file upload25.csv (CSV, C-alpha atoms (C1' of nucleotides))
chain,number,residue,atom,x,y,z
A,29,MET,CA,95.8,106.7,136.5
A,30,LYS,CA,95.8,103.5,138.6
A,31,ARG,CA,96.3,100.1,137.2
A,32,PHE,CA,93.1,98.3,136.2
A,33,GLU,CA,91.1,101.5,135.8
A,34,LEU,CA,90.0,101.5,132.2
A,35,SER,CA,86.6,103.2,132.3
A,36,GLU,CA,87.8,106.5,131.1
A,37,GLN,CA,90.0,105.2,128.3
A,38,GLN,CA,88.2,105.2,125.0
A,39,CYS,CA,90.8,103.6,122.8
A,40,SER,CA,90.3,99.9,122.6
A,41,VAL,CA,94.0,99.1,122.7
A,42,ALA,CA,94.3,101.2,125.9
A,43,ARG,CA,91.4,99.3,127.4
A,44,SER,CA,92.8,95.9,126.4
A,45,SER,CA,96.2,96.9,127.6
A,46,VAL,CA,95.0,97.5,131.1
A,47,ILE,CA,93.9,93.9,131.2
A,48,LEU,CA,96.5,92.1,129.1
A,49,GLY,CA,99.4,94.5,129.5
A,50,ASP,CA,101.1,92.6,132.2
A,51,GLN,CA,104.0,90.2,132.2
A,52,TRP,CA,102.1,87.5,134.1
A,53,THR,CA,98.8,87.8,132.3
A,54,LEU,CA,100.5,87.2,128.9
A,55,THR,CA,102.4,84.2,130.2
A,56,ILE,CA,99.3,82.8,131.9
A,57,LEU,CA,97.4,83.0,128.6
A,58,SER,CA,100.3,81.5,126.8
A,59,ASP,CA,100.2,78.6,129.2
A,60,CYS,CA,96.4,78.3,128.8
A,61,PHE,CA,96.8,77.6,125.1
A,62,LEU,CA,99.3,74.9,126.1
A,63,GLY,CA,96.6,73.2,128.2
A,64,VAL,CA,97.5,74.5,131.7
A,65,ARG,CA,94.5,74.8,133.9
A,66,ARG,CA,95.3,74.5,137.6
A,67,PHE,CA,96.4,77.1,140.0
A,68,ASP,CA,99.5,75.3,141.3
A,69,GLN,CA,100.6,74.4,137.8
A,70,PHE,CA,100.5,78.0,136.7
A,71,GLN,CA,102.3,79.0,139.9
A,72,GLU,CA,105.1,76.5,139.5
A,73,ARG,CA,105.6,77.0,135.8
A,74,LEU,CA,105.6,80.8,135.9
A,75,GLY,CA,107.4,81.3,139.2
A,76,VAL,CA,104.9,84.1,140.0
A,77,SER,CA,103.9,84.8,143.6
A,78,ARG,CA,100.6,83.2,144.7
A,79,THR,CA,99.1,86.5,145.5
A,80,THR,CA,99.8,88.0,142.1
A,81,LEU,CA,98.6,84.8,140.4
A,82,THR,CA,95.3,85.0,142.3
A,83,SER,CA,94.8,88.6,141.3
A,84,ARG,CA,95.5,88.0,137.7
A,85,LEU,CA,93.3,85.0,137.4
A,86,LYS,CA,90.5,86.9,139.1
A,87,LEU,CA,90.9,89.8,136.7
A,88,LEU,CA,90.8,87.4,133.7
A,89,GLU,CA,87.7,85.8,135.1
A,90,GLU,CA,86.0,89.2,135.7
A,91,HIS,CA,86.7,90.1,132.1
A,92,GLY,CA,85.3,86.8,130.8
A,93,ILE,CA,88.6,85.6,129.4
A,94,LEU,CA,88.9,82.6,131.8
A,95,GLU,CA,86.2,80.8,133.6
A,96,GLN,CA,86.3,78.4,136.5
A,97,ARG,CA,85.0,74.9,136.1
A,98,GLN,CA,84.6,72.3,138.7
A,99,TYR,CA,86.6,69.2,137.7
A,100,GLN,CA,86.1,67.1,140.8
A,101,ASP,CA,83.6,66.7,143.7
A,102,ARG,CA,85.2,65.6,146.9
A,103,PRO,CA,86.9,67.9,147.7
A,104,PRO,CA,85.5,70.4,145.2
A,105,ARG,CA,88.2,71.6,142.9
A,106,PHE,CA,88.1,74.1,140.1
A,107,GLU,CA,90.2,74.7,137.1
A,108,TYR,CA,90.6,77.7,134.9
A,109,ARG,CA,89.6,77.4,131.2
A,110,LEU,CA,89.6,79.8,128.3
A,111,THR,CA,86.2,81.1,127.3
A,112,HIS,CA,85.4,81.9,123.6
A,113,LYS,CA,86.5,85.5,124.2
A,114,GLY,CA,89.7,84.1,125.7
A,115,ARG,CA,90.4,81.8,122.8
A,116,GLU,CA,90.0,84.7,120.5
A,117,LEU,CA,93.3,86.0,122.0
A,118,PHE,CA,95.1,83.2,120.2
A,119,PRO,CA,96.3,85.5,117.4
A,120,VAL,CA,97.7,87.9,120.0
A,121,ILE,CA,99.6,85.3,121.9
A,122,SER,CA,100.6,83.4,118.7
A,123,THR,CA,102.1,86.4,117.0
A,124,LEU,CA,103.9,87.3,120.2
A,125,ILE,CA,105.4,83.7,120.2
A,126,THR,CA,106.5,84.2,116.6
A,127,TRP,CA,108.2,87.4,117.4
A,128,GLY,CA,109.7,86.1,120.7
A,129,ASP,CA,111.0,82.9,119.0
A,130,LYS,CA,112.7,85.1,116.4
A,131,TYR,CA,114.4,87.4,118.8
A,132,TYR,CA,114.7,85.6,122.1
A,133,SER,CA,115.5,82.0,121.4
A,134,ASP,CA,118.8,80.5,122.3
A,135,SER,CA,120.9,79.2,119.5
A,136,ALA,CA,119.2,75.8,119.6
A,137,GLY,CA,116.0,77.5,118.4
A,138,PRO,CA,112.6,77.9,120.1
A,139,PRO,CA,112.2,75.8,123.2
A,140,ILE,CA,108.6,74.8,122.2
A,141,LEU,CA,107.8,73.8,118.6
A,142,ARG,CA,104.3,74.2,117.2
A,143,ARG,CA,102.8,72.1,114.5
A,144,HIS,CA,99.8,72.9,112.4
A,145,LYS,CA,97.9,69.6,112.5
A,146,THR,CA,95.9,70.5,109.4
A,147,CYS,CA,99.0,70.6,107.1
A,148,GLY,CA,101.5,68.8,109.3
A,149,HIS,CA,104.2,71.4,109.3
A,150,ASP,CA,105.8,73.5,112.0
A,151,PHE,CA,104.6,77.0,111.4
A,152,HIS,CA,105.1,80.6,112.2
A,153,THR,CA,102.3,83.1,111.9
A,154,VAL,CA,101.4,85.3,109.0
A,155,LEU,CA,99.0,88.2,109.3
A,156,SER,CA,96.6,89.0,106.5
A,157,CYS,CA,93.9,91.4,105.6
A,158,SER,CA,90.4,90.0,106.3
A,159,ASP,CA,89.2,91.6,103.0
A,160,CYS,CA,91.7,90.8,100.3
A,161,GLY,CA,93.8,88.1,102.1
A,162,GLU,CA,97.1,89.8,101.3
A,163,THR,CA,99.8,89.9,104.0
A,164,LEU,CA,99.4,93.0,106.1
A,165,VAL,CA,102.4,95.3,106.7
A,166,PRO,CA,102.3,98.6,108.6
A,167,ARG,CA,103.0,100.9,105.7
A,168,ASP,CA,99.9,99.7,103.8
A,169,VAL,CA,97.7,100.7,106.7
A,170,GLU,CA,96.0,104.0,106.9
A,171,ALA,CA,94.4,105.0,110.2
A,172,ARG,CA,91.7,107.6,110.5
A,173,LYS,CA,89.4,108.8,113.3
A,174,ARG,CA,85.9,107.7,113.3
A,175,PRO,CA,83.7,110.6,112.1
A,176,ASP,CA,82.3,112.5,115.0
A,177,ASP,CA,78.7,112.0,115.7
A,178,GLU,CA,76.6,114.0,118.1
A,179,ARG,CA,75.3,110.8,119.7
A,180,TYR,CA,78.8,109.6,120.6
A,181,PRO,CA,81.8,111.1,122.2
A,182,PRO,CA,84.5,112.5,119.9
A,183,VAL,CA,87.6,110.3,119.5
A,184,GLU,CA,90.3,111.4,121.8
A,185,ARG,CA,93.3,109.4,120.7
A,186,GLY,CA,93.8,109.0,117.0
A,187,PRO,CA,96.2,109.1,114.0
A,188,VAL,CA,98.9,111.6,113.9
A,189,LYS,CA,100.2,113.4,110.8
A,190,ARG,CA,103.5,111.7,110.1
A,191,THR,CA,106.4,114.1,109.7
A,192,GLY,CA,109.8,113.7,108.1
B,25,MET,CA,111.5,87.7,140.4
B,26,LYS,CA,111.9,91.4,139.8
B,27,ARG,CA,110.3,93.2,136.8
B,28,PHE,CA,112.6,93.5,133.8
B,29,GLU,CA,114.7,90.5,134.7
B,30,LEU,CA,114.6,88.1,131.9
B,31,SER,CA,117.9,86.4,131.8
B,32,GLU,CA,116.8,83.2,133.5
B,33,GLN,CA,113.6,82.8,131.6
B,34,GLN,CA,114.0,80.4,128.8
B,35,CYS,CA,110.6,80.5,127.2
B,36,SER,CA,110.5,83.2,124.5
B,37,VAL,CA,107.0,84.3,125.5
B,38,ALA,CA,108.2,84.8,129.0
B,39,ARG,CA,111.1,86.8,127.8
B,40,SER,CA,109.0,88.9,125.5
B,41,SER,CA,106.4,89.4,128.1
B,42,VAL,CA,109.0,90.9,130.5
B,43,ILE,CA,109.5,93.7,127.9
B,44,LEU,CA,106.1,94.0,126.3
B,45,GLY,CA,103.9,92.9,129.1
B,46,ASP,CA,103.1,96.3,130.4
B,47,GLN,CA,100.1,98.5,130.0
B,48,TRP,CA,102.2,101.5,128.8
B,49,THR,CA,104.5,99.6,126.6
B,50,LEU,CA,101.6,98.2,124.5
B,51,THR,CA,99.9,101.6,124.1
B,52,ILE,CA,103.3,103.3,123.3
B,53,LEU,CA,103.8,100.8,120.5
B,54,SER,CA,100.3,101.2,119.3
B,55,ASP,CA,100.9,104.9,119.1
B,56,CYS,CA,104.2,104.4,117.3
B,57,PHE,CA,102.3,102.6,114.5
B,58,LEU,CA,100.0,105.7,114.3
B,59,GLY,CA,103.1,107.9,113.8
B,60,VAL,CA,103.7,109.2,117.3
B,61,ARG,CA,107.4,109.9,117.8
B,62,ARG,CA,107.9,112.7,120.4
B,63,PHE,CA,108.1,112.4,124.2
B,64,ASP,CA,105.5,115.0,125.0
B,65,GLN,CA,103.2,113.6,122.5
B,66,PHE,CA,103.3,110.2,124.0
B,67,GLN,CA,102.9,111.6,127.4
B,68,GLU,CA,99.9,113.7,126.6
B,69,ARG,CA,98.1,111.1,124.6
B,70,LEU,CA,98.6,108.2,127.0
B,71,GLY,CA,98.4,110.2,130.3
B,72,VAL,CA,101.3,108.3,131.7
B,73,SER,CA,103.7,109.8,134.2
B,74,ARG,CA,106.8,111.3,132.7
B,75,THR,CA,109.0,109.0,134.9
B,76,THR,CA,107.3,105.8,133.7
B,77,LEU,CA,107.4,107.0,130.1
B,78,THR,CA,111.1,107.6,130.3
B,79,SER,CA,111.7,104.2,131.8
B,80,ARG,CA,109.6,102.4,129.1
B,81,LEU,CA,111.1,104.3,126.2
B,82,LYS,CA,114.6,103.5,127.6
B,83,LEU,CA,113.7,99.8,127.9
B,84,LEU,CA,112.3,99.7,124.3
B,85,GLU,CA,115.5,101.3,123.1
B,86,GLU,CA,117.7,98.9,125.0
B,87,HIS,CA,115.9,96.1,123.4
B,88,GLY,CA,116.3,97.5,119.9
B,89,ILE,CA,112.6,98.1,119.4
B,90,LEU,CA,112.8,101.8,119.3
B,91,GLU,CA,115.7,104.1,118.4
B,92,GLN,CA,116.3,107.7,118.9
B,93,ARG,CA,116.9,109.9,115.9
B,94,GLN,CA,117.9,113.5,115.8
B,95,TYR,CA,115.3,115.5,113.9
B,96,GLN,CA,116.6,119.0,114.5
B,97,ASP,CA,119.9,120.8,115.2
B,98,ARG,CA,119.4,123.9,117.3
B,99,PRO,CA,118.4,122.9,119.9
B,100,PRO,CA,119.2,119.2,119.3
B,101,ARG,CA,116.0,117.2,119.5
B,102,PHE,CA,115.4,113.5,119.2
B,103,GLU,CA,112.4,111.5,118.4
B,104,TYR,CA,111.7,107.8,118.9
B,105,ARG,CA,111.2,105.6,115.9
B,106,LEU,CA,110.5,101.9,115.4
B,107,THR,CA,113.4,99.8,114.3
B,108,HIS,CA,112.9,96.8,112.0
B,109,LYS,CA,112.6,94.6,115.0
B,110,GLY,CA,110.0,97.0,116.4
B,111,ARG,CA,108.0,97.1,113.2
B,112,GLU,CA,107.9,93.3,113.4
B,113,LEU,CA,105.6,93.7,116.4
B,114,PHE,CA,102.9,95.0,114.1
B,115,PRO,CA,101.1,91.7,114.1
B,116,VAL,CA,101.0,91.6,117.9
B,117,ILE,CA,99.6,95.1,118.2
B,118,SER,CA,97.3,94.7,115.2
B,119,THR,CA,95.7,91.5,116.5
B,120,LEU,CA,95.3,93.2,119.9
B,121,ILE,CA,93.5,96.0,118.2
B,122,THR,CA,91.2,93.6,116.4
B,123,TRP,CA,90.4,91.9,119.7
B,124,GLY,CA,90.0,95.1,121.6
B,125,ASP,CA,87.8,96.6,118.9
B,126,LYS,CA,85.5,93.6,119.1
B,127,TYR,CA,85.2,93.6,122.9
B,128,TYR,CA,85.9,97.1,124.1
B,129,SER,CA,84.5,99.5,121.6
B,130,ASP,CA,81.5,101.7,122.5
B,131,SER,CA,78.4,101.2,120.5
B,132,ALA,CA,79.5,103.6,117.8
B,133,GLY,CA,82.2,101.1,116.9
B,134,PRO,CA,86.0,101.4,117.1
B,135,PRO,CA,87.3,104.9,117.7
B,136,ILE,CA,90.0,104.5,115.0
B,137,LEU,CA,89.3,102.9,111.7
B,138,ARG,CA,92.1,101.2,109.7
B,139,ARG,CA,92.1,100.9,106.0
B,140,HIS,CA,94.2,98.5,103.9
B,141,LYS,CA,95.5,100.8,101.2
B,142,THR,CA,96.4,97.9,98.9
B,143,CYS,CA,92.8,96.8,98.6
B,144,GLY,CA,91.0,99.9,99.8
B,145,HIS,CA,88.9,98.3,102.5
B,146,ASP,CA,88.7,98.6,106.3
B,147,PHE,CA,90.0,95.4,107.7
B,148,HIS,CA,90.4,93.3,110.7
B,149,THR,CA,93.2,90.8,111.0
B,150,VAL,CA,93.3,87.2,110.1
B,151,LEU,CA,96.0,84.8,111.2
B,152,SER,CA,97.3,82.2,109.0
B,153,CYS,CA,99.8,79.4,108.8
B,154,SER,CA,103.1,80.3,107.2
B,155,ASP,CA,103.1,76.9,105.5
B,156,CYS,CA,99.7,76.1,104.1
B,157,GLY,CA,98.1,79.6,104.3
B,158,GLU,CA,95.0,78.3,106.1
B,159,THR,CA,93.5,80.2,109.0
B,160,LEU,CA,95.1,79.2,112.3
B,161,VAL,CA,92.9,78.2,115.2
B,162,PRO,CA,94.1,77.0,118.6
B,163,ARG,CA,92.7,73.5,118.3
B,164,ASP,CA,94.7,72.8,115.1
B,165,VAL,CA,98.0,73.5,116.9
B,166,GLU,CA,100.0,70.8,118.6
B,167,ALA,CA,102.9,72.0,120.8
B,168,ARG,CA,105.9,69.8,121.7
B,169,LYS,CA,109.1,70.4,123.5
B,170,ARG,CA,112.2,70.7,121.5
B,171,PRO,CA,114.2,67.4,121.7
B,172,ASP,CA,116.8,67.7,124.4
B,173,ASP,CA,120.3,68.0,123.1
B,174,GLU,CA,123.4,67.7,125.3
B,175,ARG,CA,124.7,71.0,123.9
B,176,TYR,CA,121.7,72.9,125.0
B,177,PRO,CA,119.7,73.2,128.2
B,178,PRO,CA,116.5,71.1,128.5
B,179,VAL,CA,113.2,72.9,128.0
B,180,GLU,CA,111.8,74.0,131.3
B,181,ARG,CA,108.4,75.2,130.3
B,182,GLY,CA,106.5,73.2,127.7
B,183,PRO,CA,103.3,71.6,126.6
B,184,VAL,CA,101.0,69.9,129.1
B,185,LYS,CA,98.9,66.8,128.6
B,186,ARG,CA,95.4,68.1,128.2
B,187,THR,CA,92.9,66.4,130.6
B,188,GLY,CA,89.1,66.2,130.4
C,25,DT,C1',97.4,59.8,163.4
C,26,DT,C1',100.2,61.7,160.2
C,27,DA,C1',101.3,63.2,155.7
C,28,DC,C1',99.7,65.0,151.4
C,29,DT,C1',97.0,67.7,147.9
C,30,DT,C1',94.9,71.8,146.0
C,31,DA,C1',93.6,76.5,146.1
C,32,DG,C1',94.0,79.8,148.0
C,33,DT,C1',94.7,84.1,152.1
C,34,DC,C1',97.6,87.0,155.2
C,35,DC,C1',101.4,90.0,156.2
C,36,DA,C1',105.5,92.7,156.4
C,37,DA,C1',109.2,94.2,153.4
C,38,DA,C1',110.7,95.6,148.9
C,39,DA,C1',110.0,97.5,144.4
C,40,DA,C1',107.6,100.4,141.1
C,41,DA,C1',104.4,104.1,139.7
C,42,DT,C1',102.5,108.6,140.5
C,43,DG,C1',102.2,113.6,140.0
C,44,DG,C1',104.0,117.9,140.4
C,45,DA,C1',107.9,120.8,140.6
C,46,DC,C1',112.1,121.6,138.5
C,47,DT,C1',116.2,121.8,134.9
C,48,DA,C1',118.6,122.7,130.6
C,49,DA,C1',119.3,124.6,126.3
C,50,DG,C1',117.7,126.8,122.8
C,51,DT,C1',113.9,130.0,120.0
C,52,DA,C1',110.5,133.7,119.4
C,53,DA,C1',108.1,137.8,120.7
C,54,DA,C1',107.7,142.4,123.1
D,25,DT,C1',117.0,142.3,126.7
D,26,DT,C1',113.8,140.5,129.3
D,27,DT,C1',110.0,137.3,129.3
D,28,DA,C1',107.6,133.5,127.7
D,29,DC,C1',107.7,129.2,125.3
D,30,DT,C1',109.2,124.5,123.8
D,31,DT,C1',111.1,119.9,124.3
D,32,DA,C1',112.9,116.2,126.8
D,33,DG,C1',113.7,114.9,130.4
D,34,DT,C1',115.1,114.4,136.2
D,35,DC,C1',114.0,114.6,141.2
D,36,DC,C1',111.4,113.4,145.1
D,37,DA,C1',108.0,112.2,148.6
D,38,DT,C1',103.8,109.5,148.7
D,39,DT,C1',100.9,105.8,147.1
D,40,DT,C1',100.3,101.4,145.0
D,41,DT,C1',101.7,96.9,143.8
D,42,DT,C1',104.5,92.8,144.1
D,43,DT,C1',107.0,89.5,146.6
D,44,DG,C1',108.0,85.4,149.3
D,45,DG,C1',107.0,82.8,153.0
D,46,DA,C1',104.0,81.1,156.4
D,47,DC,C1',99.5,79.7,157.2
D,48,DT,C1',94.5,77.9,156.4
D,49,DA,C1',90.7,74.8,154.9
D,50,DA,C1',88.8,70.7,153.4
D,51,DG,C1',89.3,66.5,151.9
D,52,DT,C1',92.2,61.9,150.7
D,53,DA,C1',95.6,58.1,151.5
D,54,DA,C1',98.8,55.4,154.1

call {"tool": "encode", "arguments": {"input": "upload25.csv", "output": "structure tokens"}}
result
Amino acid sequence: MKRFELSEQQCSVARSSVILGDQWTLTILSDCFLGVRRFDQFQERLGVSRTTLTSRLKLLEEHGILEQRQYQDRPPRFEYRLTHKGRELFPVISTLITWGDKYYSDSAGPPILRRHKTCGHDFHTVLSCSDCGETLVPRDVEARKRPDDERYPPVERGPVKRTG
Amino acid sequence: MKRFELSEQQCSVARSSVILGDQWTLTILSDCFLGVRRFDQFQERLGVSRTTLTSRLKLLEEHGILEQRQYQDRPPRFEYRLTHKGRELFPVISTLITWGDKYYSDSAGPPILRRHKTCGHDFHTVLSCSDCGETLVPRDVEARKRPDDERYPPVERGPVKRTG
DNA sequence: TTACTTAGTCCAAAAAATGGACTAAGTAAA
DNA sequence: TTTACTTAGTCCATTTTTTGGACTAAGTAA
């Protein structure tokens, strides 16, 4: 399977991973949430090659995660901004930051601190169930395949019986 | 910069992305949370080449995200299991699933359904602030660089003044 | 005129991924 | 006691992707 070929994959994680599952894409998005918008700014901050950056930005645009907006007339210049769909990736990037800060900070702590303006405190992320609001942990989650329906293809990747 | 070289990167997202920012790594981890443990099972479910799978599993092991455990004697066989550090990636994978289910399901809905055993309902994920418990949205987050300290290197990647 | 800015493209070299065959060490069936 | 099967990989030649550096285009500023 080639990179960026997701049509055949049914699982939504597999499909998302084809787009987001890339070192540069994740850091680009992280920078987007910090307010980075311009090509050269991404390029300098990330140290990615211009060619790769172009290809990643294009992919994110094709998938409606980023959009280009003109921010000046003469000469015409465009910047990249998160769409609504893109902003909905905030929990993914945010939990990745929480994990990364825990395991890959130097001893002075995380290099970037994040404050929740609503309550005024520096935070880390907590994941909770949309239904009962309790904190979600892996062992409380039970996965099952969607019931097969003659109108839809059967599920190809699914839960596995745990052994041991 | 070559793939899997993270020593110089300071930002914890950048460091994490070097490990996790890969199509296969994300789907491997997603399968791990479904109970997949054996090499051939990963290989068949993901359709990844055996070479690439070997390299990804090795990387995840080197970073203490997966560990090999012997599950039979004759012949000796090993399976891959999530470590504590690995299980702490649950929020990352879980929010990715929520996003992917929303944007990349077919019209029959997500192929795999997840139930919160504690409350009995199918859920999606909600992200909240560790301090006040409110739902976290990007516009309520303010990022700032860690104050420079002569004992530690200055922060190289950090927040950007938003324009427009 | 010359230098600078932004957002890219082009190209050859290097690195990584692919797929298919192969290995090793044991078990199970005929 | 051969033969087939299982699991967890390795090997290798080909294809694909990434890299870094130079270059372009269109306008502004000194």

call {"tool": "calpha_fit_and_write", "arguments": {"input": "upload25.csv", "fixed": "chain B", "moving": "chain A", "output": "CSV table (one decimal) with C-alpha atoms, in the coordinates of the input"}}
result
chain,number,residue,atom,x,y,z
A,29,MET,CA,111.5,87.5,140.3
A,30,LYS,CA,111.8,91.3,139.7
A,31,ARG,CA,110.4,93.1,136.8
A,32,PHE,CA,112.7,93.4,133.8
A,33,GLU,CA,114.8,90.4,134.8
A,34,LEU,CA,114.5,88.0,131.9
A,35,SER,CA,117.9,86.3,131.8
A,36,GLU,CA,116.8,83.2,133.5
A,37,GLN,CA,113.6,82.7,131.6
A,38,GLN,CA,114.0,80.3,128.7
A,39,CYS,CA,110.6,80.5,127.2
A,40,SER,CA,110.5,83.1,124.5
A,41,VAL,CA,107.0,84.3,125.4
A,42,ALA,CA,108.2,84.8,129.0
A,43,ARG,CA,111.2,86.8,127.8
A,44,SER,CA,109.0,88.9,125.5
A,45,SER,CA,106.5,89.4,128.2
A,46,VAL,CA,109.0,91.0,130.5
A,47,ILE,CA,109.5,93.7,127.9
A,48,LEU,CA,106.1,94.1,126.3
A,49,GLY,CA,103.9,92.9,129.1
A,50,ASP,CA,103.1,96.3,130.4
A,51,GLN,CA,100.1,98.5,129.9
A,52,TRP,CA,102.2,101.5,128.8
A,53,THR,CA,104.6,99.7,126.6
A,54,LEU,CA,101.7,98.2,124.5
A,55,THR,CA,100.0,101.6,124.2
A,56,ILE,CA,103.3,103.3,123.3
A,57,LEU,CA,103.8,100.8,120.5
A,58,SER,CA,100.3,101.2,119.4
A,59,ASP,CA,100.9,104.9,119.1
A,60,CYS,CA,104.2,104.4,117.3
A,61,PHE,CA,102.4,102.6,114.5
A,62,LEU,CA,100.0,105.6,114.3
A,63,GLY,CA,103.1,107.9,113.7
A,64,VAL,CA,103.7,109.2,117.2
A,65,ARG,CA,107.3,110.0,117.8
A,66,ARG,CA,107.9,112.7,120.4
A,67,PHE,CA,108.1,112.4,124.1
A,68,ASP,CA,105.5,115.0,125.0
A,69,GLN,CA,103.1,113.6,122.5
A,70,PHE,CA,103.3,110.2,124.0
A,71,GLN,CA,102.9,111.7,127.4
A,72,GLU,CA,99.9,113.7,126.6
A,73,ARG,CA,98.1,111.1,124.6
A,74,LEU,CA,98.7,108.2,127.1
A,75,GLY,CA,98.3,110.2,130.3
A,76,VAL,CA,101.3,108.2,131.7
A,77,SER,CA,103.6,109.8,134.2
A,78,ARG,CA,106.9,111.3,132.7
A,79,THR,CA,109.0,109.1,134.8
A,80,THR,CA,107.3,105.9,133.7
A,81,LEU,CA,107.3,107.1,130.1
A,82,THR,CA,111.1,107.7,130.3
A,83,SER,CA,111.7,104.2,131.7
A,84,ARG,CA,109.6,102.5,129.1
A,85,LEU,CA,111.1,104.3,126.2
A,86,LYS,CA,114.6,103.5,127.5
A,87,LEU,CA,113.7,99.8,127.9
A,88,LEU,CA,112.4,99.8,124.3
A,89,GLU,CA,115.5,101.4,123.1
A,90,GLU,CA,117.8,99.0,125.0
A,91,HIS,CA,115.9,96.1,123.4
A,92,GLY,CA,116.3,97.6,119.9
A,93,ILE,CA,112.6,98.1,119.4
A,94,LEU,CA,112.8,101.9,119.3
A,95,GLU,CA,115.7,104.1,118.4
A,96,GLN,CA,116.3,107.7,118.8
A,97,ARG,CA,116.9,110.0,115.9
A,98,GLN,CA,117.8,113.5,115.8
A,99,TYR,CA,115.2,115.5,113.9
A,100,GLN,CA,116.5,119.0,114.5
A,101,ASP,CA,119.8,120.8,115.3
A,102,ARG,CA,119.4,123.9,117.4
A,103,PRO,CA,118.4,122.9,120.0
A,104,PRO,CA,119.1,119.2,119.4
A,105,ARG,CA,116.0,117.2,119.6
A,106,PHE,CA,115.4,113.6,119.2
A,107,GLU,CA,112.4,111.5,118.3
A,108,TYR,CA,111.7,107.9,118.9
A,109,ARG,CA,111.2,105.6,115.8
A,110,LEU,CA,110.5,101.9,115.4
A,111,THR,CA,113.4,99.8,114.3
A,112,HIS,CA,112.9,96.8,112.0
A,113,LYS,CA,112.6,94.6,115.1
A,114,GLY,CA,110.0,97.0,116.4
A,115,ARG,CA,108.0,97.0,113.2
A,116,GLU,CA,107.9,93.3,113.3
A,117,LEU,CA,105.6,93.8,116.4
A,118,PHE,CA,102.9,95.0,114.0
A,119,PRO,CA,101.1,91.6,114.0
A,120,VAL,CA,101.1,91.7,117.8
A,121,ILE,CA,99.7,95.1,118.2
A,122,SER,CA,97.3,94.7,115.2
A,123,THR,CA,95.7,91.5,116.5
A,124,LEU,CA,95.4,93.1,119.9
A,125,ILE,CA,93.5,96.0,118.2
A,126,THR,CA,91.2,93.5,116.4
A,127,TRP,CA,90.4,91.9,119.6
A,128,GLY,CA,90.0,95.1,121.6
A,129,ASP,CA,87.8,96.7,118.9
A,130,LYS,CA,85.6,93.6,119.1
A,131,TYR,CA,85.2,93.6,122.9
A,132,TYR,CA,85.9,97.1,124.1
A,133,SER,CA,84.4,99.5,121.6
A,134,ASP,CA,81.5,101.7,122.5
A,135,SER,CA,78.4,101.2,120.5
A,136,ALA,CA,79.5,103.6,117.8
A,137,GLY,CA,82.2,101.1,116.9
A,138,PRO,CA,86.0,101.4,117.1
A,139,PRO,CA,87.2,104.9,117.7
A,140,ILE,CA,90.0,104.5,115.0
A,141,LEU,CA,89.3,102.9,111.7
A,142,ARG,CA,92.1,101.2,109.7
A,143,ARG,CA,92.2,100.9,106.0
A,144,HIS,CA,94.3,98.5,103.9
A,145,LYS,CA,95.6,100.8,101.2
A,146,THR,CA,96.4,97.9,98.9
A,147,CYS,CA,92.7,96.8,98.6
A,148,GLY,CA,91.0,99.9,99.9
A,149,HIS,CA,88.9,98.3,102.5
A,150,ASP,CA,88.7,98.7,106.3
A,151,PHE,CA,90.0,95.5,107.6
A,152,HIS,CA,90.4,93.3,110.6
A,153,THR,CA,93.2,90.8,111.0
A,154,VAL,CA,93.3,87.2,110.1
A,155,LEU,CA,96.0,84.8,111.2
A,156,SER,CA,97.3,82.1,109.0
A,157,CYS,CA,99.7,79.3,108.9
A,158,SER,CA,103.0,80.4,107.2
A,159,ASP,CA,103.1,76.9,105.5
A,160,CYS,CA,99.7,76.1,104.1
A,161,GLY,CA,98.1,79.6,104.4
A,162,GLU,CA,95.0,78.3,106.1
A,163,THR,CA,93.5,80.3,109.0
A,164,LEU,CA,95.1,79.2,112.3
A,165,VAL,CA,92.9,78.2,115.2
A,166,PRO,CA,94.1,76.9,118.6
A,167,ARG,CA,92.7,73.4,118.3
A,168,ASP,CA,94.7,72.7,115.1
A,169,VAL,CA,97.9,73.5,116.9
A,170,GLU,CA,100.0,70.9,118.5
A,171,ALA,CA,102.9,72.0,120.8
A,172,ARG,CA,105.8,69.8,121.7
A,173,LYS,CA,109.1,70.3,123.5
A,174,ARG,CA,112.2,70.7,121.5
A,175,PRO,CA,114.2,67.4,121.7
A,176,ASP,CA,116.8,67.6,124.4
A,177,ASP,CA,120.3,67.9,123.2
A,178,GLU,CA,123.4,67.6,125.3
A,179,ARG,CA,124.7,70.9,123.9
A,180,TYR,CA,121.7,72.9,125.1
A,181,PRO,CA,119.7,73.2,128.2
A,182,PRO,CA,116.6,71.0,128.5
A,183,VAL,CA,113.3,72.9,128.0
A,184,GLU,CA,111.8,73.9,131.3
A,185,ARG,CA,108.3,75.1,130.3
A,186,GLY,CA,106.5,73.2,127.8
A,187,PRO,CA,103.2,71.5,126.7
A,188,VAL,CA,101.0,69.9,129.2
A,189,LYS,CA,98.9,66.8,128.7
A,190,ARG,CA,95.4,68.1,128.3
A,191,THR,CA,92.9,66.4,130.7
A,192,GLY,CA,89.1,66.2,130.6

call {"tool": "closest_atom_pairs", "arguments": {"input": "upload25.csv", "of": "chain A", "to": "chain D", "cutoff": "8 Å", "atoms": "all atoms listed in the file", "output": "CSV"}}
result
residue,atom,partner,partner_atom,distance
A:Ser77,CA,D:DT43,C1',6.4
A:Thr80,CA,D:DT42,C1',7.0
A:Arg102,CA,D:DG51,C1',6.5
A:Pro103,CA,D:DG51,C1',5.0

call {"tool": "interface_residues", "arguments": {"input": "upload25.csv", "of": "chain B", "to": "chain A", "cutoff": "6 Å", "atoms": "all atoms listed in the file", "output": "PyMOL selection string"}}
result
chain B and resi 36-38+40-42+45-47+51+58-59+116+119-121+124-125+128-129+135-141+147-154+164-170+179+183-184+186
